[in-house]
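S.K.: Structure: entry-v4.txt, compact mmCIF, C-alpha atoms.
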```
# COMPACT_ATOMS: atom_id res chain seq x y z
CA PHE A 54 -73.83 -54.72 106.84
CA ILE A 55 -76.47 -55.60 104.21
CA ALA A 56 -75.53 -59.25 104.42
CA GLY A 57 -75.98 -59.11 108.15
CA LEU A 58 -79.46 -57.64 107.77
CA THR A 59 -80.34 -60.26 105.15
CA GLY A 60 -79.12 -63.03 107.39
CA PHE A 61 -81.17 -61.67 110.30
CA GLY A 62 -84.21 -61.49 108.05
CA ILE A 63 -83.76 -65.07 106.89
CA ARG A 64 -83.40 -66.38 110.42
CA ARG A 65 -86.51 -64.48 111.46
CA ARG A 66 -88.57 -65.88 108.56
CA ILE A 67 -87.43 -69.38 109.35
CA HIS A 68 -88.42 -69.09 113.02
CA GLU A 69 -91.70 -67.23 112.60
CA PRO A 70 -93.80 -70.29 111.64
CA ARG A 71 -92.45 -72.23 114.61
CA CYS A 72 -93.19 -69.33 116.98
CA ALA A 73 -96.66 -68.98 115.53
CA ALA A 74 -97.31 -72.67 115.99
CA ARG A 75 -95.96 -72.56 119.51
CA ASN A 76 -98.10 -69.50 120.36
CA ALA A 77 -101.15 -71.17 118.87
CA GLY A 78 -100.49 -74.18 121.07
CA VAL A 79 -100.26 -71.97 124.16
CA GLU A 80 -103.53 -70.26 123.27
CA ASP A 81 -105.21 -73.63 122.73
CA THR A 82 -103.95 -74.78 126.13
CA ARG A 83 -105.20 -71.60 127.78
CA GLU A 84 -108.62 -72.06 126.19
CA GLN A 85 -108.71 -75.66 127.40
CA ASP A 86 -107.65 -74.59 130.91
CA SER A 87 -110.31 -71.88 130.99
CA ALA A 88 -112.94 -74.28 129.72
CA ALA A 89 -112.02 -76.77 132.45
CA LYS A 90 -112.53 -74.28 135.25
CA LEU A 91 -115.47 -73.05 137.23
CA ARG A 92 -116.39 -69.39 137.52
CA VAL A 93 -117.34 -68.36 141.05
CA VAL A 94 -118.66 -64.91 141.96
CA VAL A 95 -118.50 -64.13 145.67
CA THR A 96 -120.12 -61.13 147.34
CA CYS A 97 -119.84 -59.95 150.94
CA ALA A 98 -122.20 -58.06 153.22
CA GLU A 99 -120.29 -54.80 152.60
CA GLY A 100 -121.15 -55.06 148.91
CA SER A 101 -117.72 -55.94 147.52
CA ARG A 102 -117.60 -58.53 144.74
CA LYS A 103 -114.86 -60.93 143.69
CA GLU A 104 -114.73 -63.23 140.66
CA LEU A 105 -112.69 -66.43 140.90
CA LEU A 106 -111.75 -68.98 138.24
CA LEU A 107 -111.16 -72.30 140.00
CA PRO A 108 -110.37 -75.90 138.98
CA LEU A 109 -113.33 -78.24 138.79
CA THR A 110 -111.91 -80.23 141.70
CA SER A 111 -112.13 -77.23 144.04
CA THR A 112 -114.07 -77.35 147.27
CA VAL A 113 -115.62 -74.66 149.44
CA ARG A 114 -112.41 -74.72 151.48
CA HIS A 115 -110.44 -73.57 148.40
CA VAL A 116 -112.77 -70.61 147.96
CA LYS A 117 -112.31 -69.62 151.61
CA ARG A 118 -108.54 -69.75 151.25
CA ARG A 119 -108.63 -67.48 148.21
CA ILE A 120 -110.88 -64.99 149.98
CA ALA A 121 -108.66 -65.11 153.06
CA ARG A 122 -105.58 -64.21 151.01
CA GLU A 123 -107.15 -61.52 148.86
CA SER A 124 -109.82 -59.78 150.95
CA GLU A 125 -109.45 -56.78 153.26
CA PRO A 126 -109.38 -56.96 156.18
CA ARG A 127 -107.53 -60.25 156.04
CA THR A 128 -109.58 -62.97 157.66
CA PRO A 129 -108.51 -66.56 158.42
CA PRO A 130 -110.52 -69.21 156.51
CA ALA A 131 -111.91 -70.57 159.78
CA ARG A 132 -113.74 -67.27 160.32
CA LEU A 133 -115.40 -67.21 156.90
CA LYS A 134 -118.88 -68.55 156.23
CA LEU A 135 -119.91 -69.24 152.62
CA LEU A 136 -123.56 -69.32 151.64
CA LEU A 137 -125.46 -70.48 148.58
CA GLY A 138 -128.74 -68.67 148.97
CA GLU A 139 -129.49 -69.18 152.66
CA ARG A 140 -127.66 -72.50 152.96
CA VAL A 141 -124.32 -72.53 154.77
CA LEU A 142 -121.80 -74.57 152.79
CA ALA A 143 -119.53 -77.17 154.39
CA ASP A 144 -115.78 -76.89 153.76
CA ASP A 145 -115.49 -80.25 152.00
CA GLU A 146 -118.35 -79.70 149.51
CA LEU A 147 -117.28 -79.87 145.86
CA LEU A 148 -118.19 -76.77 143.89
CA THR A 149 -119.27 -78.87 140.91
CA ALA A 150 -121.81 -80.63 143.14
CA LEU A 151 -123.61 -77.34 143.72
CA GLY A 152 -125.32 -77.67 140.35
CA SER A 153 -124.02 -74.90 138.09
CA SER A 154 -121.02 -73.99 135.93
CA GLU A 155 -121.21 -70.48 137.39
CA LEU A 156 -121.82 -70.01 141.10
CA LEU A 157 -123.03 -66.93 142.92
CA LEU A 158 -122.01 -67.23 146.57
CA ALA A 159 -122.02 -64.90 149.56
CA PHE A 160 -119.63 -64.86 152.48
CA GLU A 161 -119.74 -63.49 156.00
CA ARG A 162 -117.00 -62.91 158.55
CA LEU A 163 -117.62 -64.66 161.84
CA PRO A 164 -116.60 -62.91 165.08
CA ARG A 165 -113.49 -64.18 166.80
CA GLN A 166 -113.90 -66.32 169.89
CA ILE A 167 -111.47 -65.04 172.52
CA ARG A 168 -111.07 -66.25 176.08
CA GLY A 169 -108.41 -66.30 178.73
CA ALA A 170 -105.84 -69.02 178.14
CA SER A 171 -105.46 -71.62 180.87
CA ALA A 172 -102.24 -73.04 182.27
CA SER A 173 -102.78 -76.17 180.17
CA ASP A 174 -102.62 -74.21 176.91
CA ALA A 175 -99.34 -74.49 175.05
CA LYS A 176 -96.70 -71.82 174.51
CA GLU A 177 -97.84 -68.56 172.91
CA ASP A 178 -97.85 -68.29 169.12
CA VAL A 179 -97.92 -64.48 169.11
CA ILE A 180 -96.67 -61.93 171.66
CA TYR A 181 -97.72 -58.28 171.58
CA LYS A 182 -96.62 -55.26 173.58
CA LEU A 183 -99.55 -52.99 174.46
CA LEU A 184 -98.96 -49.57 175.98
CA LEU A 185 -101.52 -47.78 178.15
CA ALA A 186 -100.92 -44.01 178.03
CA GLY A 187 -102.83 -40.91 179.02
CA ALA A 188 -103.24 -38.29 181.69
CA GLN A 189 -102.76 -38.98 185.37
CA LEU A 190 -105.91 -40.18 187.18
CA SER A 191 -107.59 -41.24 183.93
CA GLY A 192 -107.90 -44.76 185.37
CA LYS A 193 -105.44 -46.73 183.25
CA SER A 194 -104.33 -48.96 186.13
CA CYS A 195 -107.91 -49.62 187.24
CA VAL A 196 -108.92 -50.64 183.71
CA LEU A 197 -105.93 -52.98 183.55
CA ARG A 198 -106.80 -54.52 186.92
CA ARG A 199 -110.35 -55.13 185.71
CA PHE A 200 -109.09 -56.80 182.52
CA LEU A 201 -106.81 -59.05 184.58
CA GLY A 202 -109.76 -60.14 186.70
CA GLU A 203 -108.73 -58.25 189.82
CA ASP A 204 -111.00 -56.27 192.12
CA PHE A 205 -111.75 -52.62 191.47
CA LEU A 206 -110.13 -50.26 193.97
CA GLU A 207 -111.86 -47.00 194.86
CA THR A 208 -108.47 -45.48 195.65
CA SER A 209 -105.55 -46.70 193.60
CA PRO A 210 -101.98 -45.39 193.93
CA SER A 211 -100.64 -43.56 190.89
CA THR A 212 -98.20 -45.49 188.74
CA LEU A 213 -94.58 -44.37 188.97
CA GLY A 214 -92.55 -45.06 185.85
CA VAL A 215 -94.12 -48.14 184.27
CA ASP A 216 -95.85 -51.27 185.55
CA ILE A 217 -95.71 -54.29 183.24
CA ARG A 218 -98.39 -56.98 183.48
CA SER A 219 -99.21 -59.93 181.22
CA LYS A 220 -102.26 -61.86 180.12
CA ALA A 221 -102.57 -64.84 177.77
CA LEU A 222 -105.57 -65.29 175.48
CA LEU A 223 -106.79 -68.17 173.34
CA VAL A 224 -108.26 -67.11 170.00
CA ASP A 225 -110.65 -69.38 168.09
CA GLU A 226 -109.49 -72.28 170.28
CA SER A 227 -106.28 -72.50 168.26
CA LEU A 228 -104.11 -69.37 168.41
CA ARG A 229 -102.41 -68.41 171.68
CA VAL A 230 -101.73 -64.71 172.16
CA LYS A 231 -99.73 -63.18 175.00
CA LEU A 232 -100.22 -59.51 175.84
CA ASN A 233 -97.41 -57.72 177.63
CA ILE A 234 -99.26 -54.64 178.86
CA TRP A 235 -97.21 -51.60 179.88
CA ASP A 236 -99.11 -49.31 182.24
CA SER A 237 -97.29 -45.98 182.04
CA GLU A 238 -97.07 -43.04 184.40
CA GLY A 239 -99.53 -40.26 183.62
CA ARG A 240 -97.61 -37.28 184.99
CA LEU A 241 -96.03 -35.01 182.40
CA ARG A 242 -92.57 -34.32 183.73
CA GLU A 243 -89.76 -32.31 182.18
CA TYR A 244 -86.32 -33.66 183.01
CA SER A 245 -83.05 -34.53 181.38
CA GLY A 246 -83.51 -37.75 179.43
CA ALA A 247 -87.32 -37.51 179.21
CA ALA A 248 -87.24 -37.85 175.41
CA GLU A 249 -85.07 -40.97 175.62
CA ASP A 250 -87.38 -42.51 178.21
CA ALA A 251 -90.42 -41.81 176.02
CA ALA A 252 -88.70 -43.42 173.05
CA ARG A 253 -87.99 -46.57 175.09
CA LEU A 254 -91.53 -46.64 176.45
CA TYR A 255 -93.27 -46.45 173.07
CA SER A 256 -90.69 -48.42 171.10
CA GLY A 257 -91.85 -51.88 170.10
CA ALA A 258 -95.48 -51.29 171.03
CA ALA A 259 -97.87 -53.03 168.66
CA ALA A 260 -100.70 -50.86 169.96
CA VAL A 261 -101.19 -47.83 172.19
CA ILE A 262 -104.42 -47.07 174.04
CA VAL A 263 -104.56 -43.41 175.08
CA PHE A 264 -106.95 -42.88 178.00
CA PHE A 265 -108.84 -39.88 179.28
CA ASP A 266 -111.44 -39.38 182.00
CA VAL A 267 -114.86 -38.51 180.53
CA ALA A 268 -115.47 -36.43 183.67
CA SER A 269 -112.33 -34.36 183.07
CA ALA A 270 -112.05 -31.98 180.12
CA ALA A 271 -108.43 -31.35 181.11
CA SER A 272 -107.50 -35.01 180.56
CA PHE A 273 -109.25 -34.93 177.18
CA GLU A 274 -107.16 -31.94 176.12
CA LYS A 275 -103.98 -33.95 176.73
CA LEU A 276 -104.87 -36.64 174.20
CA SER A 277 -103.02 -34.89 171.39
CA HIS A 278 -99.79 -34.91 173.41
CA TYR A 279 -99.84 -38.68 173.96
CA LEU A 280 -100.99 -39.43 170.42
CA GLY A 281 -98.08 -37.33 169.19
CA LEU A 282 -95.62 -39.38 171.26
CA ALA A 283 -97.10 -42.56 169.80
CA SER A 284 -96.75 -41.25 166.25
CA GLN A 285 -93.18 -40.17 166.93
CA HIS A 286 -91.84 -43.27 168.65
CA CYS A 287 -93.99 -46.27 167.66
CA ARG A 288 -93.11 -48.51 164.75
CA GLN A 289 -94.91 -48.07 161.46
CA GLY A 290 -98.23 -49.91 161.48
CA ALA A 291 -98.71 -49.69 165.25
CA ILE A 292 -102.36 -49.26 166.19
CA ARG A 293 -103.38 -46.14 168.12
CA CYS A 294 -106.79 -45.82 169.73
CA ILE A 295 -108.58 -43.74 172.37
CA ALA A 296 -110.47 -44.89 175.45
CA GLY A 297 -112.81 -42.78 177.56
CA ASN A 298 -112.84 -44.22 181.08
CA LYS A 299 -115.30 -43.68 183.96
CA ALA A 300 -118.25 -43.89 181.55
CA ASP A 301 -120.48 -45.16 184.35
CA GLU A 302 -124.21 -45.06 183.74
CA GLY A 303 -124.86 -43.76 187.25
CA PHE A 304 -122.53 -40.77 186.84
CA LEU A 305 -123.73 -39.25 183.57
CA GLU A 306 -124.23 -35.84 185.16
CA ALA A 307 -120.52 -35.70 185.97
CA ARG A 308 -119.46 -35.97 182.31
CA GLN A 309 -117.50 -33.08 180.87
CA VAL A 310 -116.74 -34.76 177.52
CA SER A 311 -119.68 -36.17 175.57
CA GLN A 312 -119.48 -39.41 173.66
CA ASP A 313 -120.17 -37.54 170.41
CA GLU A 314 -117.29 -35.12 171.03
CA ALA A 315 -114.84 -37.91 171.81
CA SER A 316 -116.02 -40.04 168.87
CA SER A 317 -115.64 -37.09 166.49
CA PHE A 318 -112.14 -36.37 167.80
CA ALA A 319 -111.11 -39.99 167.18
CA ALA A 320 -112.83 -40.27 163.79
CA ALA A 321 -111.11 -37.11 162.53
CA ARG A 322 -107.79 -38.87 163.14
CA GLY A 323 -108.85 -42.26 161.82
CA LEU A 324 -108.75 -43.85 165.27
CA ALA A 325 -111.07 -46.23 167.07
CA TYR A 326 -112.83 -44.92 170.17
CA TYR A 327 -113.93 -47.04 173.12
CA GLU A 328 -115.95 -46.11 176.19
CA VAL A 329 -115.20 -48.19 179.27
CA SER A 330 -115.85 -48.28 182.98
CA ALA A 331 -113.22 -49.73 185.28
CA ARG A 332 -115.75 -49.57 188.11
CA SER A 333 -118.40 -51.77 186.48
CA GLY A 334 -116.18 -53.48 183.91
CA ARG A 335 -118.40 -52.30 181.06
CA GLY A 336 -116.59 -52.42 177.74
CA VAL A 337 -113.18 -53.33 179.19
CA GLU A 338 -112.85 -56.90 177.95
CA ALA A 339 -114.52 -56.04 174.64
CA MET A 340 -111.98 -53.26 174.05
CA PHE A 341 -108.95 -55.49 174.58
CA HIS A 342 -110.46 -58.33 172.56
CA ASP A 343 -111.30 -56.00 169.68
CA LEU A 344 -107.76 -54.65 169.75
CA VAL A 345 -106.31 -58.17 169.64
CA GLY A 346 -108.53 -58.93 166.65
CA ARG A 347 -107.27 -55.85 164.83
CA LEU A 348 -103.67 -56.84 165.55
CA LEU A 349 -104.26 -60.35 164.25
CA ASP A 350 -105.82 -58.91 161.08
CA GLN A 351 -102.38 -57.49 160.30
CA LEU A 352 -100.80 -60.96 160.26
CA PRO A 353 -100.38 -62.74 156.90
CA VAL A 354 -103.04 -65.39 156.34
```
Would you mind giving the structure from this file in C-alpha cells?
M.R.:
Amino acid sequence: FIAGLTGFGIRRRIHEPRCAARNAGVEDTREQDSAAKLRVVVTCAEGSRKELLLPLTSTVRHVKRRIARESEPRTPPARLKLLLGERVLADDELLTALGSSELLLAFERLPRQIRGASASDAKEDVIYKLLLAGAQLSGKSCVLRRFLGEDFLETSPSTLGVDIRSKALLVDESLRVKLNIWDSEGRLREYSGAAEDAARLYSGAAAVIVFFDVASAASFEKLSHYLGLASQHCRQGAIRCIAGNKADEGFLEARQVSQDEASSFAAARGLAYYEVSARSGRGVEAMFHDLVGRLLDQLPV
C-alpha cells in the first residue's frame, strides 16, 4: 500500500513540470489570442449593452450576426443597423478601419417589410396556422375578409363550424410566409364531443386572436373563456392576443368597453391588444403583420 502511494507520488512529481509547462503555453496562447482581438461594445436603444471580443479581420456583418444570435428578441442580421456616432456602417466595413482598438457602437432594429406575396413568388418557407376565436357577432369573419382584400359586408352570415382561408406574405423581400387562418364559430354550444372539437380546433395553432366587440360588454366578458381554451389546447409557445373590433371613429358613443379597460385586461395577462375596424380597415393589416413578426421572432436566427 505504501509502495503504491510512493509510486503515485513519483509519477505525479515527474508529470507536474510537463503539465506546468503545458499550462503556461496555453496561457501564453490565450494572452496572444486576446491581444490579437478587438473589443467592441454595442448598445441598443432600450439601454442594453453587450461586449464582444472579435478577430481583427471581423467586419460589421460579423457584429450583426453575433447580435442576431444573442439578443432578445431575436432579430435577423438584415434588420439590424449599426452606427458609429451618427454614421450608419456598411456590412463589409472592417472594424479595424474604424480607427480604434476599442469600438463603441449602437444598433437599431429596423421594422420588417411585409407585403402580399404574388403568384410569381416561390414556395413558402414558413407556414403558420392562425385561429380567430371569440364571441358570436364580434366581427371575426369581417376582419378576415378585410385582410384578404375583400369588400366589407354590412350583413355577414355567422360562421358555422370553421372556415379556413389562406394568405401568402413576403417578408423583407426574401422570406415567404403562408398563413392558414381558421375562422371559428362564435356560438358557445354544449354537446357531446364539444371538448374534442375544441382540442382539434386549437391544436397546432401558432397564434390565436381572441376577438370582442368594443360596443358589446357581453362579448368582452367572454374573453376569459376563449383564452382558457387557447391555454388548454394550444402548443407551448403559441401566441395569444386580443383584438377589439368595431373601433370605428364615427361610432365612439356606442362603445361599452373603453380602450384603457381592454388594454389593462390584456396587459394583466401579458398579452398584446389590438384595436381594429373591419368597416374601415383601420389596424387590420398592421395587426396581422405584427403577429407574423412576433412569430418569426421565435424562429432560430
S.K.: Choose the residue, out of A:Val93, A:Ile167, A:Leu280, A:Leu156, that has the smallest atom-to-atom separation from A:Val261; count only C-alpha atoms.
M.R.: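 Comparing A:Val93, A:Ile167, A:Leu280, A:Leu156 against A:Val261, the winner is A:Leu280.
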S.K.: For stretch 331-335 of chain A, list every protein, DNA or RNA residue within 12 Å, evaluated using all atoms listed in the file, and leave out those in the same chain fewer than 3 positions away; present the list as a ChimeraX atom specification.
M.R.: /A:191-209,264,266,296-304,327-328,338-341
S.K.: Those residues you just picked out, can you put them in a file as a short mmCIF file (atom, residue, chain, number, x, y, z; two decimals), in the coordinates of the input with C-alpha atoms?
M.R.:
```cif
data_model
loop_
_atom_site.label_atom_id
_atom_site.label_comp_id
_atom_site.auth_asym_id
_atom_site.auth_seq_id
_atom_site.Cartn_x
_atom_site.Cartn_y
_atom_site.Cartn_z
CA SER A 191 -107.59 -41.24 183.93
CA GLY A 192 -107.90 -44.76 185.37
CA LYS A 193 -105.44 -46.73 183.25
CA SER A 194 -104.33 -48.96 186.13
CA CYS A 195 -107.91 -49.62 187.24
CA VAL A 196 -108.92 -50.64 183.71
CA LEU A 197 -105.93 -52.98 183.55
CA ARG A 198 -106.80 -54.52 186.92
CA ARG A 199 -110.35 -55.13 185.71
CA PHE A 200 -109.09 -56.80 182.52
CA LEU A 201 -106.81 -59.05 184.58
CA GLY A 202 -109.76 -60.14 186.70
CA GLU A 203 -108.73 -58.25 189.82
CA ASP A 204 -111.00 -56.27 192.12
CA PHE A 205 -111.75 -52.62 191.47
CA LEU A 206 -110.13 -50.26 193.97
CA GLU A 207 -111.86 -47.00 194.86
CA THR A 208 -108.47 -45.48 195.65
CA SER A 209 -105.55 -46.70 193.60
CA PHE A 264 -106.95 -42.88 178.00
CA ASP A 266 -111.44 -39.38 182.00
CA ALA A 296 -110.47 -44.89 175.45
CA GLY A 297 -112.81 -42.78 177.56
CA ASN A 298 -112.84 -44.22 181.08
CA LYS A 299 -115.30 -43.68 183.96
CA ALA A 300 -118.25 -43.89 181.55
CA ASP A 301 -120.48 -45.16 184.35
CA GLU A 302 -124.21 -45.06 183.74
CA GLY A 303 -124.86 -43.76 187.25
CA PHE A 304 -122.53 -40.77 186.84
CA TYR A 327 -113.93 -47.04 173.12
CA GLU A 328 -115.95 -46.11 176.19
CA GLU A 338 -112.85 -56.90 177.95
CA ALA A 339 -114.52 -56.04 174.64
CA MET A 340 -111.98 -53.26 174.05
CA PHE A 341 -108.95 -55.49 174.58
#
```
S.K.: Could you tell me how far atom CA of A:Lys117 lies from atom CA of A:Leu133, in Å and to one decimal?
M.R.: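 Answer for the atom CA of A:Lys117 to atom CA of A:Leu133 separation: 6.6 Å.
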S.K.: May I have the protein, DNA and RNA residues with an atom at most 8 Å from (-97.3, -47.8, 182.0), counting all atoms listed in the file in the file's coordinates, returned as a PDB file with C-alpha atoms, in the coordinates of the input?
M.R.:
```pdb
ATOM      1  CA  LEU A 184     -98.960 -49.570 175.980  1.00  0.00           C
ATOM      2  CA  LEU A 185    -101.520 -47.780 178.150  1.00  0.00           C
ATOM      3  CA  ALA A 186    -100.920 -44.010 178.030  1.00  0.00           C
ATOM      4  CA  THR A 212     -98.200 -45.490 188.740  1.00  0.00           C
ATOM      5  CA  GLY A 214     -92.550 -45.060 185.850  1.00  0.00           C
ATOM      6  CA  VAL A 215     -94.120 -48.140 184.270  1.00  0.00           C
ATOM      7  CA  ASP A 216     -95.850 -51.270 185.550  1.00  0.00           C
ATOM      8  CA  ILE A 217     -95.710 -54.290 183.240  1.00  0.00           C
ATOM      9  CA  ILE A 234     -99.260 -54.640 178.860  1.00  0.00           C
ATOM     10  CA  TRP A 235     -97.210 -51.600 179.880  1.00  0.00           C
ATOM     11  CA  ASP A 236     -99.110 -49.310 182.240  1.00  0.00           C
ATOM     12  CA  SER A 237     -97.290 -45.980 182.040  1.00  0.00           C
ATOM     13  CA  GLU A 238     -97.070 -43.040 184.400  1.00  0.00           C
TER      14      GLU A 238
END
```
S.K.: Quick one: residues within 12 Å of A:Ser311, all atoms listed in the file counted, chain neighbours fewer than 2 positions away excluded, as a count of residues only?
M.R.: 21
S.K.: Of the residues A:Ala258, A:Arg347, A:Arg293, A:Gly281, which is the one nearest to A:Ala319, using all atoms listed in the file?
M.R.: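 Going through A:Ala258, A:Arg347, A:Arg293, A:Gly281 one by one, the smallest distance to A:Ala319 is for A:Arg293.
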S.K.: Pick the closest to A:Cys97 from A:Lys134, A:Arg140, A:Phe160, A:Arg288: which is it, counting all atoms listed in the file?
M.R.: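 Among A:Lys134, A:Arg140, A:Phe160, A:Arg288, it is A:Phe160 that comes nearest to A:Cys97.
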S.K.: So how many Å separate atom CA of A:Ala260 and atom CA of A:Gly290, to one decimal?
M.R.: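 Taking atom CA of A:Ala260 and atom CA of A:Gly290, their separation equals 8.9 Å.
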S.K.: Using Å and a single decimal, report how far atom CA of A:Gln312 sits from atom CA of A:Leu190.
M.R.: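 Computing the Euclidean distance for atom CA of A:Leu190 and atom CA of A:Gln312 yields 19.2 Å.
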S.K.: For a quick check of understanding, using all atoms listed in the file, which of A:Leu147, A:Ala321, A:Leu254, A:Val141 has the smallest distance to A:Cys287?
M.R.: A:Leu254
S.K.: Pick out the residues sitting within 10 Å of A:Ser277, and hand them over as a list in words; count only C-alpha atoms, and ignore anything fewer than 6 positions along from it in its own chain.
M.R.: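 What passes the distance filter is Gly187, Val263, Ala283 and Phe318 of chain A.
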S.K.: Tell me which protein, DNA and RNA residues are within 9 Å of A:Arg114, counting all atoms listed in the file, leaving out same-chain ones fewer than 5 positions away, and put them as a PyMOL selection string.
M.R.: chain A and resi 119+130+143-146
S.K.: Which of these, A:Leu148, A:Ser124, A:Gln166, A:Gly138, has the shortest distance to A:Ser111 once you count all atoms listed in the file?
M.R.: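 Result for the nearest residue to A:Ser111: A:Leu148.
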